[in-house]
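Below: one structure, written as structure tokens.
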Amino acid sequence: MKYKKNWEETQQKFINWWNHKNTGRPLMIVMAKKEHPVPLDPKYEYNSVEEKYTNAEKMVAHYRNWAENIEWMGEAFPCMYADFGPGSIAGYLGSEIVFNERTVWFEECVEDWEDTPPLVFDPENKWFQKHIEVVKKCVELNNGDFVNTVPDLMENIDVIASLRGAQNTIFDMMDEPEEIHERIAQVQACYFDYYDRFYDLVKMPDGSSSYSMFSIWGPGKTAKLQCDFSAMMSPDQFREFIQEPLRQQARKLDHVLYHLDGPDAIRHVDALMEIEEIDALQWTSGDHGPDGTLEEWYEIYDKVRRAGKSLWIKVYTGTVDDWIAGVDRIVKRYGSDCLFFYFNPMSMEDAKKLMAYAEEHWCDVKGTFEG
């Protein structure tokens with residue numbers, strides 16, 4: 001890989017982390033900004049918002065420029081995602097996709113389930129065809145210099161909420177629970193029809209893959225699963241509607257990271273930890289919330305480690321000294337064999353300080369937590 005020096009070592013670190021048997025320091029995504037960045041050729045500047053999502057040539061040029069201006073330290077590796085927003089399966093199943101500067105919206109398209117045919121794989125859907133075309137072109141332009149990822153497709157009731165609207169979906173769960181069970185089953189049934197087609201495009205020669213945005217790689221089919229809508233569900237509802245579909249989906253994947261988003265989703269950790277096929281949990285405290293080193297989050301991490309799963313933790317609050325202090329507490333508590341830390345891009349000076357501390361203090365730490 002052109003931009004990553006220790007790729008084979010990084011792959012082995014990932015394999016060990018998925019198996020909760022990492023050695024040395026924890027996995028660390030550290031992207032150091034080079035002191036003299038190379039500017040992007042002006043001809044690749046975007047002329048519209050839509051080009052940011054659909055112009056493969058410009059997208060690859062932007063990513064290549066980014067990759068060249070970063071020193072990929074620790075387990076950081078260049079992985080380009082070409083998403084049509086988080087949850088693009090909603091677009092493939094009938095929603096109109098609206099591109100915005102910072103995000104993507106999916107327009108509600110289901111007024112009444114009685115008038116809506118079954119949700120099934122549609123290879124002729126315009127958004128699916130366009131997305132496949134964009135990803136395929138990105139892979140062709142890559143030349144093996146970096147990793148292309150499976151897009152952020154999403155699943156279960158998160159897709160339903162995009163099609164129907166969050167408020168309507170809440171009422172449907174109460175008024176038409178069997179309908180929602182059936183519609184979730186339909187989404188899950190066609191998920192791999194979509195996933196497999198993107199996987200076949202982006203998989204590496206050894207069959208390994210990377211999944212959008214979370215900087216994860218693994219042998220075979222790798223994915224992030226989630227249910228953001230769970231923030232509006234009770235624990236009983238989550239177990240009724242979501243737990244089993246997630247379990248069935250995870251069984252068909254080789255490596256699974258679960259994305260837990262926001263304080264209102266914490267109440268579902270017990271149910272999630274009962275799903276054996278989930279390998280690791282990633283915790284996000286919500287928009288602009290404190291990072292993953294806050295000691296308040298240990299109640300989540302205790303349950304994850306008690307279940308024998310690994311942790312993915314994002315670190316961004318404060319200075320590099322704050323990051324070191326926060327991570328130091330976590331490593332001493334949980335040990336180094338199950339931890340993955342993601343850091344936002346930083347200066348070369350901060351990156352060297354962080355990596356030096358990690359190599360000296362965080363290698364093969366047993367941890368005090370005994371579950």
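Here, A, B, ... name the chains of the structure tokens in the order displayed, residue numbers run from 1 inside each chain, and ligands are numbered from 1 in the same displayed order.
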Could you build a table of the residues in segment 31-63 of chain A lying no more than 8 Å from segment 128-149 of chain A, giving for each the nearest pair of atoms and their separation in Å rounded to one decimal place, using only C-alpha atoms, ordered by chain and ascending residue number, as JSON lines?
```
{"residue": "A:Thr54", "atom": "CA", "partner": "A:Val134", "partner_atom": "CA", "distance": 6.0}
{"residue": "A:Asn55", "atom": "CA", "partner": "A:Val134", "partner_atom": "CA", "distance": 7.2}
{"residue": "A:Ala56", "atom": "CA", "partner": "A:Cys138", "partner_atom": "CA", "distance": 5.4}
{"residue": "A:Glu57", "atom": "CA", "partner": "A:Cys138", "partner_atom": "CA", "distance": 7.1}
{"residue": "A:Met59", "atom": "CA", "partner": "A:Cys138", "partner_atom": "CA", "distance": 7.7}
{"residue": "A:Val60", "atom": "CA", "partner": "A:Cys138", "partner_atom": "CA", "distance": 6.2}
```
Could the residues in this selection be saved with N, CA and C atoms as an mmCIF file, in the first residue's frame?
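This is the output file result.cif:
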```cif
data_model
loop_
_atom_site.group_PDB
_atom_site.id
_atom_site.type_symbol
_atom_site.label_atom_id
_atom_site.label_comp_id
_atom_site.auth_asym_id
_atom_site.auth_seq_id
_atom_site.Cartn_x
_atom_site.Cartn_y
_atom_site.Cartn_z
ATOM 1 N N THR A 54 -20.644 12.106 -5.885
ATOM 2 C CA THR A 54 -20.870 11.349 -7.109
ATOM 3 C C THR A 54 -19.774 11.474 -8.170
ATOM 4 N N ASN A 55 -18.864 12.425 -8.019
ATOM 5 C CA ASN A 55 -17.796 12.573 -9.009
ATOM 6 C C ASN A 55 -16.575 11.785 -8.541
ATOM 7 N N ALA A 56 -16.477 10.548 -9.005
ATOM 8 C CA ALA A 56 -15.441 9.644 -8.516
ATOM 9 C C ALA A 56 -14.039 10.187 -8.757
ATOM 10 N N GLU A 57 -13.786 10.776 -9.917
ATOM 11 C CA GLU A 57 -12.450 11.279 -10.227
ATOM 12 C C GLU A 57 -12.019 12.345 -9.226
ATOM 13 N N MET A 59 -13.387 12.871 -6.209
ATOM 14 C CA MET A 59 -13.379 12.277 -4.870
ATOM 15 C C MET A 59 -12.046 11.575 -4.597
ATOM 16 N N VAL A 60 -11.575 10.801 -5.559
ATOM 17 C CA VAL A 60 -10.306 10.087 -5.394
ATOM 18 C C VAL A 60 -9.149 11.078 -5.335
#
```
With a cut-off of 10 Å, could you pull out the residues of segment 172-251 of chain A touching segment 81-92 of chain A and give me the nearest pair of atoms for each, distance in Å to one decimal, using only C-alpha atoms, ordered by chain and ascending number, as a Markdown table?
```
| residue | atom | partner | partner_atom | distance |
| --- | --- | --- | --- | --- |
| A:Val187 | CA | A:Ile89 | CA | 8.5 |
| A:Cys190 | CA | A:Ile89 | CA | 9.2 |
| A:Tyr191 | CA | A:Ile89 | CA | 7.8 |
| A:Tyr194 | CA | A:Ile89 | CA | 7.8 |
| A:Tyr195 | CA | A:Ile89 | CA | 9.5 |
| A:Ser210 | CA | A:Tyr81 | CA | 9.2 |
| A:Tyr211 | CA | A:Tyr81 | CA | 8.0 |
| A:Ser212 | CA | A:Tyr81 | CA | 5.3 |
| A:Met213 | CA | A:Tyr81 | CA | 6.7 |
| A:Phe214 | CA | A:Tyr81 | CA | 9.9 |
| A:Ser215 | CA | A:Tyr81 | CA | 9.8 |
```
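Take the candidates A:Ala265, A:Val315, A:Val49, A:Cys363 and check each one against Pro290 of chain A using only C-alpha atoms; the shortest distance goes to A:Val315.
Minimum atom-to-atom distance to Gln248 of chain A, evaluated using only C-alpha atoms, belongs to A:Phe192 out of A:Tyr199, A:Phe192, A:Trp217, A:Tyr63.
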Cut-off 12 Å: closest segment 168-250 of chain A/segment 104-125 of chain A atom pairs per residue, using only C-alpha atoms, as a tab-separated table:
```
residue	atom	partner	partner_atom	distance
A:Asn168	CA	A:Glu111	CA	9.0
A:Thr169	CA	A:Val110	CA	10.3
A:Asp172	CA	A:Trp113	CA	9.4
A:Glu176	CA	A:Trp113	CA	9.6
A:Pro177	CA	A:Trp113	CA	11.9
A:Glu178	CA	A:Trp113	CA	11.4
A:Glu179	CA	A:Trp113	CA	7.8
A:Ile180	CA	A:Trp113	CA	9.3
A:Glu182	CA	A:Pro118	CA	9.0
A:Arg183	CA	A:Leu119	CA	7.1
A:Ile184	CA	A:Leu119	CA	9.2
A:Ala185	CA	A:Leu119	CA	9.2
A:Gln186	CA	A:Leu119	CA	5.6
A:Val187	CA	A:Leu119	CA	6.4
A:Gln188	CA	A:Val120	CA	9.6
A:Ala189	CA	A:Val120	CA	7.8
A:Cys190	CA	A:Phe121	CA	5.3
A:Tyr191	CA	A:Phe121	CA	8.1
A:Phe192	CA	A:Phe121	CA	9.3
A:Asp193	CA	A:Phe121	CA	6.5
A:Tyr194	CA	A:Phe121	CA	7.5
A:Tyr195	CA	A:Phe121	CA	11.0
A:Asp196	CA	A:Phe121	CA	11.9
A:Arg197	CA	A:Pro123	CA	10.0
```
Once you have the residues from the selection above, write them out as a compact mmCIF listing (two decimals), in the first residue's frame, restricted to C-alpha atoms.
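Once written, out_26.txt looks like this:
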```txt
# COMPACT_ATOMS: atom_id res chain seq x y z
CA ASN A 168 -44.68 7.64 12.36
CA THR A 169 -42.41 4.68 13.09
CA ASP A 172 -46.43 2.07 14.07
CA GLU A 176 -48.99 -2.11 14.06
CA PRO A 177 -46.18 -4.11 15.69
CA GLU A 178 -46.55 -7.07 13.32
CA GLU A 179 -46.18 -4.75 10.34
CA ILE A 180 -42.94 -3.35 11.76
CA GLU A 182 -42.34 -7.79 8.88
CA ARG A 183 -40.78 -4.64 7.43
CA ILE A 184 -37.63 -5.05 9.52
CA ALA A 185 -37.42 -8.64 8.30
CA GLN A 186 -37.70 -7.40 4.71
CA VAL A 187 -34.87 -4.90 5.21
CA GLN A 188 -32.70 -7.56 6.79
CA ALA A 189 -33.49 -10.02 4.00
CA CYS A 190 -32.17 -7.71 1.30
CA TYR A 191 -29.25 -6.24 3.29
CA PHE A 192 -26.74 -8.77 2.01
CA ASP A 193 -27.97 -8.41 -1.56
CA TYR A 194 -26.63 -4.87 -1.28
CA TYR A 195 -23.67 -5.50 1.03
CA ASP A 196 -22.29 -8.35 -1.08
CA ARG A 197 -22.27 -6.30 -4.26
```
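Comparing the minimum interatomic distances between Ala250 of chain A and each of A:Asp364, A:Asp302, A:Asp279, A:Asp228, counting only C-alpha atoms, we find that A:Asp279 sits nearest.
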> Please, which residues of segment 105-337 of chain A, numbered as in this document, come out helix (DSSP H, G or I) from DSSP, as a PyMOL selection string?
Replying inline: chain A and resi 113-115+126-142+156-164+166-175+177-202+228-232+235-251+263-273+295-306+320-334
> Please, which residues of segment 45-286 of chain A, numbered as in this document, come out strand (DSSP E or B) from DSSP, as a ChimeraX atom specification?
Replying inline: /A:70-74,79-80,97-99,104-106,147-148,150,209-211,216-218,222-226,255-261,280-284
Those same residues, written as a tab-separated table (two decimals), in the first residue's frame with C-alpha atoms?
```
chain	number	residue	atom	x	y	z
A	70	ILE	CA	-0.75	12.47	6.40
A	71	GLU	CA	1.79	10.31	8.20
A	72	TRP	CA	-0.21	7.16	8.96
A	73	MET	CA	1.02	6.19	12.40
A	74	GLY	CA	0.04	3.32	14.68
A	79	CYS	CA	-9.34	4.06	3.75
A	80	MET	CA	-11.59	5.97	1.39
A	97	ILE	CA	-31.55	11.18	-1.51
A	98	VAL	CA	-30.81	14.87	-0.89
A	99	PHE	CA	-27.11	15.76	-0.78
A	104	VAL	CA	-27.27	13.55	3.40
A	105	TRP	CA	-31.04	13.43	3.92
A	106	PHE	CA	-33.46	10.68	2.96
A	147	VAL	CA	-8.29	0.81	0.88
A	148	ASN	CA	-11.81	1.34	-0.48
A	150	VAL	CA	-17.98	-0.88	2.07
A	209	SER	CA	-12.49	-5.68	3.83
A	210	SER	CA	-12.86	-2.35	5.53
A	211	TYR	CA	-16.09	-0.62	6.55
A	216	ILE	CA	-11.79	-0.87	10.81
A	217	TRP	CA	-10.35	-3.70	8.73
A	218	GLY	CA	-10.78	-7.42	9.07
A	222	THR	CA	-16.34	-6.77	8.04
A	223	ALA	CA	-19.07	-4.31	9.04
A	224	LYS	CA	-20.34	-1.80	11.54
A	225	LEU	CA	-23.90	-2.49	12.75
A	226	GLN	CA	-26.16	-0.10	14.62
A	255	HIS	CA	-16.16	-9.30	12.01
A	256	VAL	CA	-18.72	-6.98	13.61
A	257	LEU	CA	-18.32	-3.63	15.37
A	258	TYR	CA	-21.50	-2.29	16.99
A	259	HIS	CA	-21.95	1.50	16.96
A	260	LEU	CA	-23.72	2.64	20.15
A	261	ASP	CA	-24.80	6.27	19.73
A	280	ALA	CA	-16.56	-5.16	19.63
A	281	LEU	CA	-18.48	-2.07	20.69
A	282	GLN	CA	-17.89	1.54	19.65
A	283	TRP	CA	-19.38	4.21	21.91
A	284	THR	CA	-20.33	7.73	20.77
```
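Proximity to Asn69 of chain A at 6 Å, evaluated using only C-alpha atoms and with sequence-adjacent residues fewer than 2 positions away removed, yields Lys34, Pro37, Trp66 and Ala67 of chain A.
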